[in-house]
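Student: So here's query-v2.cif, just mmCIF, C-alpha atoms:
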data_upload
loop_
_atom_site.label_atom_id
_atom_site.label_comp_id
_atom_site.auth_asym_id
_atom_site.auth_seq_id
_atom_site.Cartn_x
_atom_site.Cartn_y
_atom_site.Cartn_z
CA MET A 1 -21.93 45.97 -87.18
CA SER A 2 -22.33 43.04 -84.79
CA GLY A 3 -21.38 43.49 -81.15
CA TYR A 4 -18.10 41.58 -81.06
CA GLN A 5 -14.86 42.62 -79.42
CA TRP A 6 -11.38 41.62 -80.61
CA GLU A 7 -8.68 40.99 -78.02
CA PHE A 8 -5.06 39.77 -77.94
CA LEU A 9 -3.24 37.98 -75.13
CA ASP A 10 -0.51 40.35 -73.94
CA GLU A 11 2.93 39.66 -72.46
CA ASN A 12 1.45 39.25 -68.97
CA ASP A 13 -1.32 36.86 -70.09
CA PHE A 14 -4.11 39.45 -69.95
CA TRP A 15 -6.70 39.80 -72.72
CA ILE A 16 -6.49 43.35 -74.12
CA GLU A 17 -8.95 44.92 -76.54
CA TYR A 18 -7.37 46.16 -79.76
CA GLY A 19 -6.68 49.89 -79.64
CA ARG A 20 -5.90 49.85 -75.91
CA VAL A 21 -2.54 49.80 -74.12
CA SER A 22 -1.40 46.41 -72.82
CA THR A 23 -0.47 45.78 -69.19
CA GLY A 24 3.14 46.59 -70.11
CA ASN A 25 1.95 50.24 -70.20
CA ASP A 26 3.99 51.10 -73.32
CA ALA A 27 1.81 53.54 -75.26
CA ALA A 28 4.19 53.34 -78.23
CA CYS A 29 3.08 49.71 -78.71
CA ARG A 30 -0.62 50.61 -79.00
CA VAL A 31 -1.77 49.62 -82.49
CA ASN A 32 -3.48 51.91 -84.98
CA ILE A 33 -6.51 49.68 -85.41
CA SER A 34 -9.62 49.28 -83.30
CA SER A 35 -11.67 46.27 -82.34
CA GLY A 36 -14.50 47.60 -84.49
CA THR A 37 -12.33 47.84 -87.60
CA LEU A 38 -11.15 44.27 -87.13
CA GLU A 39 -14.76 43.12 -86.95
CA LEU A 40 -15.55 44.94 -90.21
CA GLN A 41 -12.60 43.36 -92.01
CA PHE A 42 -13.39 39.92 -90.59
CA ALA A 43 -16.93 40.21 -91.95
CA LYS A 44 -15.59 41.07 -95.44
CA TYR A 45 -12.50 38.84 -95.57
CA PRO A 46 -12.86 36.01 -93.00
CA ASN A 47 -10.04 33.93 -94.54
CA SER A 48 -7.45 36.69 -94.91
CA LYS A 49 -4.71 38.42 -92.95
CA ILE A 50 -4.76 42.05 -91.90
CA GLN A 51 -1.71 44.21 -91.29
CA PHE A 52 -1.48 47.14 -88.87
CA TRP A 53 1.04 49.25 -87.00
CA SER A 54 2.23 50.76 -83.76
CA GLN A 55 4.98 53.33 -83.32
CA LYS A 56 7.49 50.53 -82.71
CA HIS A 57 6.24 47.45 -84.54
CA ILE A 58 4.37 46.02 -87.53
CA TYR A 59 1.91 43.16 -87.10
CA THR A 60 -0.27 40.77 -89.06
CA LEU A 61 -3.39 39.08 -87.73
CA ASP A 62 -4.41 35.83 -89.41
CA PHE A 63 -8.16 35.39 -89.17
CA THR A 64 -7.93 31.67 -89.99
CA THR A 65 -5.52 30.82 -87.16
CA MET A 66 -6.46 33.69 -84.81
CA LYS A 67 -2.79 34.51 -84.32
CA GLN A 68 -1.06 37.90 -84.27
CA THR A 69 2.55 38.00 -85.50
CA ASN A 70 5.09 40.75 -84.92
CA LEU A 71 6.87 40.99 -88.29
CA LEU A 72 10.04 42.37 -86.70
CA THR A 73 10.49 40.00 -83.75
CA ARG A 74 8.36 37.08 -85.10
CA VAL A 75 6.62 36.84 -81.71
CA THR A 76 3.09 35.43 -82.03
CA ARG A 77 0.15 36.04 -79.72
CA ASP A 78 -3.27 34.45 -79.37
CA VAL A 79 -6.28 36.45 -80.54
CA ARG A 80 -9.95 35.97 -79.70
CA ARG A 81 -13.30 37.35 -80.86
CA VAL A 82 -15.83 37.63 -78.05
CA ARG A 83 -19.36 38.94 -77.76
CA ASP A 84 -19.58 42.40 -76.19
CA PRO A 85 -23.13 42.90 -74.86
CA PHE A 86 -22.48 46.60 -74.21
CA ARG A 87 -21.29 47.47 -77.72
CA CYS A 88 -23.73 49.01 -80.17
CA ASP A 89 -23.30 49.57 -83.88
CA GLU A 90 -20.68 52.21 -84.44
CA HIS A 91 -18.96 54.09 -87.20
CA ILE A 92 -15.31 53.25 -87.65
CA HIS A 93 -12.74 55.97 -88.15
CA GLU A 94 -9.02 55.36 -88.58
CA ASN A 95 -6.20 57.90 -88.62
CA ARG A 96 -5.28 58.34 -92.29
CA SER A 97 -1.66 59.01 -91.35
CA ASN A 98 -1.40 55.26 -90.79
CA GLU A 99 -1.84 52.34 -93.12
CA VAL A 100 -3.90 49.19 -92.81
CA MET A 101 -3.60 46.43 -95.38
CA ILE A 102 -5.62 43.32 -96.12
CA ILE A 103 -3.85 40.31 -97.58
CA THR A 104 -6.19 38.47 -99.95
CA ASN A 105 -5.23 36.20 -102.82
CA LEU A 106 -1.56 36.74 -101.95
CA SER A 107 -1.58 40.48 -102.59
CA TYR A 108 -1.98 43.58 -100.46
CA GLN A 109 -5.06 45.74 -100.89
CA LYS A 110 -4.30 49.19 -99.51
CA LEU A 111 -7.11 50.53 -97.38
CA LEU A 112 -5.45 53.69 -96.13
CA LEU A 113 -2.51 55.86 -97.06
CA ILE A 114 1.13 54.95 -96.56
CA PRO A 115 2.34 56.76 -93.43
CA ASN A 116 4.03 60.11 -93.86
CA GLY A 117 7.62 60.62 -92.79
CA PRO A 118 10.80 58.62 -93.35
CA MET A 119 10.55 55.25 -95.07
CA CYS A 120 12.90 53.73 -92.50
CA SER A 121 13.84 54.34 -88.89
CA THR A 122 16.54 52.87 -86.68
CA VAL A 123 16.28 52.89 -82.91
CA PRO A 124 19.10 52.08 -80.46
CA ILE A 125 18.28 49.30 -78.00
CA ALA A 126 19.38 49.98 -74.45
CA PRO A 127 21.55 47.39 -72.64
CA GLY A 128 19.46 45.55 -70.08
CA HIS A 129 16.37 45.59 -72.28
CA ALA A 130 14.98 42.12 -73.00
CA GLU A 131 15.30 42.67 -76.75
CA TYR A 132 18.96 43.68 -76.34
CA SER A 133 19.63 40.48 -74.41
CA ARG A 134 18.00 38.36 -77.12
CA VAL A 135 20.14 39.88 -79.87
CA VAL A 136 23.33 39.58 -77.82
CA GLY A 137 22.43 35.96 -77.13
CA LEU A 138 22.24 35.28 -80.87
CA LEU A 139 25.60 36.93 -81.47
CA LEU A 140 27.41 35.27 -78.58
CA CYS A 141 26.49 31.79 -79.76
CA SER A 142 29.62 32.03 -81.91
CA LEU A 143 31.30 35.33 -80.98
CA SER A 144 33.44 36.02 -77.93
CA CYS A 145 33.14 39.82 -77.98
CA TYR A 146 30.20 42.06 -77.14
CA PRO A 147 28.93 44.68 -79.60
CA ARG A 148 29.38 48.38 -78.86
CA SER A 149 25.75 49.06 -79.71
CA ILE A 150 22.67 47.41 -81.22
CA PHE A 151 20.01 49.09 -83.35
CA LYS A 152 16.53 47.96 -84.36
CA ILE A 153 15.40 48.63 -87.93
CA ASN A 154 11.80 49.46 -88.83
CA ASN A 155 11.32 49.46 -92.60
CA PRO A 156 7.71 48.59 -93.48
CA TYR A 157 8.41 48.67 -97.21
CA LEU A 158 10.99 45.88 -97.03
CA ILE A 159 8.80 43.84 -94.68
CA ASN A 160 5.76 44.17 -96.96
CA ALA A 161 7.80 43.06 -99.98
CA PHE A 162 9.09 40.07 -98.00
CA GLU A 163 5.64 38.97 -96.84
CA ASN A 164 4.21 39.30 -100.35
CA LYS A 165 7.04 37.21 -101.78
CA ARG A 166 6.65 34.57 -99.10
CA ALA A 167 2.94 34.27 -99.85
CA GLN A 168 3.65 34.04 -103.59
CA LEU A 169 6.23 31.26 -103.20
CA GLN A 170 4.06 29.31 -100.79
CA ASN A 171 1.15 29.54 -103.21
CA GLN A 172 3.29 28.37 -106.13
CA ASN A 173 4.83 25.50 -104.15
CA SER A 174 2.25 24.51 -101.56
CA ASN A 175 4.12 21.30 -100.70
CA VAL A 176 7.36 23.15 -99.85
CA GLN A 177 8.00 24.24 -96.28
CA TYR A 178 9.36 27.80 -96.46
CA GLU A 179 11.19 28.76 -93.28
CA VAL A 180 12.09 32.24 -92.03
CA LYS A 181 15.64 31.86 -90.73
CA CYS A 182 17.49 34.34 -88.54
CA LEU A 183 20.87 34.75 -90.28
CA PHE A 184 23.83 37.14 -90.19
CA HIS A 185 25.42 39.42 -92.76
CA GLY A 186 28.74 41.14 -92.07
CA THR A 187 29.74 44.43 -93.65
CA SER A 188 31.40 47.78 -93.01
CA SER A 189 29.64 50.21 -90.67
CA SER A 190 29.70 52.70 -93.56
CA ASN A 191 26.99 50.57 -95.22
CA VAL A 192 24.46 50.43 -92.38
CA THR A 193 22.30 53.36 -93.50
CA SER A 194 21.96 52.22 -97.11
CA ILE A 195 21.22 48.62 -96.07
CA ALA A 196 18.62 49.67 -93.50
CA GLU A 197 16.87 51.82 -96.11
CA GLU A 198 17.33 49.78 -99.30
CA ASN A 199 18.23 46.24 -98.16
CA ILE A 200 21.40 44.25 -98.88
CA ASP A 201 22.56 44.51 -102.48
CA TRP A 202 25.41 42.09 -103.21
CA ARG A 203 26.60 44.33 -106.06
CA LEU A 204 27.31 47.06 -103.50
CA HIS A 205 27.91 45.21 -100.24
CA GLY A 206 29.03 41.73 -101.24
CA THR A 207 32.26 42.04 -103.20
CA LYS A 208 34.52 41.40 -100.22
CA ILE A 209 33.10 37.97 -99.48
CA GLY A 210 33.58 36.61 -102.99
CA GLN A 211 31.19 34.45 -104.96
CA LEU A 212 32.14 30.91 -103.99
CA TYR A 213 28.54 29.66 -103.75
CA GLY A 214 26.83 31.97 -106.22
CA ARG A 215 26.43 35.58 -107.28
CA GLY A 216 23.99 36.84 -104.69
CA ALA A 217 23.64 38.20 -101.16
CA TYR A 218 25.46 36.09 -98.57
CA PHE A 219 24.22 35.16 -95.11
CA ALA A 220 25.78 32.99 -92.41
CA SER A 221 24.21 30.84 -89.72
CA ASN A 222 26.77 32.02 -87.16
CA ALA A 223 27.93 35.54 -86.39
CA CYS A 224 31.60 34.54 -86.19
CA ASN A 225 31.84 34.11 -89.96
CA SER A 226 30.06 37.41 -90.60
CA ARG A 227 32.36 39.30 -88.24
CA LEU A 228 35.24 38.63 -90.65
CA TYR A 229 33.78 41.01 -93.22
CA GLY A 230 33.48 44.25 -91.29
CA ASP A 231 32.69 46.05 -88.06
CA ALA A 232 28.92 45.71 -88.44
CA ILE A 233 26.70 42.62 -88.39
CA PHE A 234 23.12 42.63 -89.60
CA ILE A 235 20.66 40.16 -88.11
CA CYS A 236 18.23 39.36 -90.93
CA HIS A 237 15.10 37.38 -91.60
CA VAL A 238 15.79 35.18 -94.61
CA LEU A 239 13.24 33.04 -96.44
CA VAL A 240 14.61 29.58 -97.24
CA GLY A 241 12.68 26.86 -99.04
CA LEU A 242 14.35 24.86 -101.81
CA THR A 243 18.14 24.71 -101.66
CA ALA A 244 21.01 23.43 -103.80
CA THR A 245 24.79 23.56 -103.52
CA GLY A 246 26.04 26.74 -105.15
CA SER A 247 29.07 27.45 -107.31
CA PRO A 248 30.92 30.58 -108.51
CA ASP A 249 29.06 30.29 -111.82
CA THR A 250 25.57 30.36 -110.27
CA ILE A 251 23.84 33.54 -111.42
CA LYS A 252 20.31 32.23 -110.93
CA PRO A 253 19.45 29.03 -109.05
CA PRO A 254 18.37 26.12 -111.25
CA LYS A 255 15.11 24.19 -111.09
CA ASP A 256 14.91 20.93 -109.19
CA ARG A 257 13.83 17.59 -110.67
CA PHE A 258 10.18 18.53 -110.11
CA ASN A 259 10.68 21.72 -112.17
CA ARG A 260 10.42 23.92 -109.08
CA THR A 261 12.67 26.98 -108.88
CA ILE A 262 15.33 26.73 -106.18
CA ASP A 263 15.40 29.93 -104.13
CA THR A 264 18.66 29.51 -102.17
CA THR A 265 22.12 28.10 -102.82
CA VAL A 266 24.21 26.89 -99.89
CA ASP A 267 27.63 25.52 -99.04
CA ASN A 268 26.27 22.13 -97.94
CA THR A 269 22.67 20.99 -98.37
CA ALA A 270 22.92 18.50 -95.49
CA ASN A 271 24.14 21.04 -92.94
CA PRO A 272 24.33 24.53 -94.49
CA THR A 273 26.21 27.37 -92.82
CA VAL A 274 26.32 29.76 -95.80
CA PHE A 275 23.15 30.86 -97.61
CA VAL A 276 23.06 32.81 -100.88
CA LYS A 277 19.93 34.70 -101.92
CA TYR A 278 19.18 36.05 -105.39
CA ASP A 279 15.95 37.98 -104.79
CA SER A 280 16.05 40.94 -102.39
CA GLN A 281 12.37 40.40 -101.56
CA GLU A 282 13.32 37.16 -99.80
CA TYR A 283 15.24 38.79 -96.95
CA TYR A 284 15.32 41.98 -94.90
CA PRO A 285 17.40 43.39 -92.01
CA VAL A 286 15.88 43.42 -88.53
CA TYR A 287 18.79 44.58 -86.35
CA TYR A 288 22.40 45.60 -86.74
CA ALA A 289 25.23 45.49 -84.23
CA LEU A 290 28.36 47.65 -84.30
CA PHE A 291 31.72 46.37 -83.03
#
Would you put the structure from the file into structure tokens?
Tutor:
Amino acid sequence: MSGYQWEFLDENDFWIEYGRVSTGNDAACRVNISSGTLELQFAKYPNSKIQFWSQKHIYTLDFTTMKQTNLLTRVTRDVRRVRDPFRCDEHIHENRSNEVMIITNLSYQKLLLIPNGPMCSTVPIAPGHAEYSRVVGLLLCSLSCYPRSIFKINNPYLINAFENKRAQLQNQNSNVQYEVKCLFHGTSSSNVTSIAEENIDWRLHGTKIGQLYGRGAYFASNACNSRLYGDAIFICHVLVGLTATGSPDTIKPPKDRFNRTIDTTVDNTANPTVFVKYDSQEYYPVYYALF
């Protein structure tokens, strides 16, 4: 293996080698992949993305743009590949309790085993934490009351399905700009566990809102509307590309005049505030707040 080192620019603008703890000194954020493994995968798949994990987050690294993206927070960081004159050829070993995936030709190739343990975890976010403040800021754009508590959801299975679907749609419609929107879904707190584990299913969690704009999962651009439907609000990443005005009779979105499948129906195409999704792979919950 060539003597190159892979580094990311951390939150304090220091270059950190992969596999080491950043200057934030949070060991739980140390990723399960080494600089050497990245070099091996870059040599094999120089135009691909690679996915890896820490105890708290899931990331992708795009070799073509040299950007690392946190799939939960959507934060991106610069990445660089630099010559390391002190590094010799080495054998690469990864912990098989973790999983690394390569994205090539819009599909995941599993390199290691899926991690043992629960398929989903939820972690309370402490008030005063920067992430807590960001979520509260999103909610208070339209709400006047603070949540009792906020939880972060880590479900790699839902995230993987979402990223695969996004790649598929972008490949099918290369001239369409697919956007990941941060939207809200209101429900009863009795549904939070099933949604965190299995995603939002309108057949189970959507009957109270009705079907004015289509028979699918409903999301709102402001938290105030979502608060009307229960004491819990999910903050979700929702993939939106081609839209059309929905109706109560919409079971599956139609095709547009270019014969492209519309993925989302809305209340108003010019300035939508309600979004209806028909494929559960096109959205996933990131946080939920209890009121």
Student: Using the chain letters and numbers from the file, give me the residues hit by the PyMOL selection byres ((chain A and resi 266-274) around 7), as a VMD selection string.
Tutor: chain A and resid 213 218 to 221 243 to 246 264 to 265 275 to 276
Student: Would you put the residues from that selection into a file with C-alpha atoms, as an mmCIF file, in the coordinates of the input?
Tutor:
data_model
loop_
_atom_site.group_PDB
_atom_site.id
_atom_site.type_symbol
_atom_site.label_atom_id
_atom_site.label_comp_id
_atom_site.auth_asym_id
_atom_site.auth_seq_id
_atom_site.Cartn_x
_atom_site.Cartn_y
_atom_site.Cartn_z
ATOM 1 C CA TYR A 213 28.540 29.660 -103.750
ATOM 2 C CA TYR A 218 25.460 36.090 -98.570
ATOM 3 C CA PHE A 219 24.220 35.160 -95.110
ATOM 4 C CA ALA A 220 25.780 32.990 -92.410
ATOM 5 C CA SER A 221 24.210 30.840 -89.720
ATOM 6 C CA THR A 243 18.140 24.710 -101.660
ATOM 7 C CA ALA A 244 21.010 23.430 -103.800
ATOM 8 C CA THR A 245 24.790 23.560 -103.520
ATOM 9 C CA GLY A 246 26.040 26.740 -105.150
ATOM 10 C CA THR A 264 18.660 29.510 -102.170
ATOM 11 C CA THR A 265 22.120 28.100 -102.820
ATOM 12 C CA PHE A 275 23.150 30.860 -97.610
ATOM 13 C CA VAL A 276 23.060 32.810 -100.880
#
Student: Please provide the set of residues having any atom within 12 Å of Gln177 in chain A, restricted to only C-alpha atoms, with same-chain residues fewer than 6 positions apart removed, written as a list in words.
Tutor: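 The residues satisfying every condition are Arg166, Ala167, Leu169, Gln170, Asn171, Leu239, Val240, Gly241, Leu242 and Thr243 of chain A.
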Student: Extract, using all atoms listed in the file, all DNA, RNA and protein residues at most 8 Å from Asp62 in chain A, discarding same-chain residues fewer than 2 positions from it, and format them as a VMD selection string.
Tutor: chain A and resid 47 to 50 60 64 to 68
Student: For CA of Cys145 in chain A and CA of Ile233 in chain A, determine how far apart the two atoms are, in Å to one decimal place.
Tutor: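 So the answer is 12.6 Å.
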Student: One decimal, Å: what's the distance from CA of Ala161 in chain A over to CA of Pro124 in chain A, could you say?
Tutor: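 Spanning CA of Ala161 in chain A to CA of Pro124 in chain A is a straight-line distance of 24.3 Å.
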Student: Which polymer residues have any atom within 7 Å of an atom of Ile153 in chain A, counting only C-alpha atoms, with same-chain residues fewer than 2 positions away left out, as a PyMOL selection string?
Tutor: chain A and resi 121-123+151+155+196+285-287
Student: What would the selection look like, as a list of chain:residue names, if the PyMOL selection byres ((chain A and resi 53) around 6) were run on the coordinates I just shared?
Tutor: A:Val31, A:Asn32, A:Phe52, A:Ser54, A:Ile58
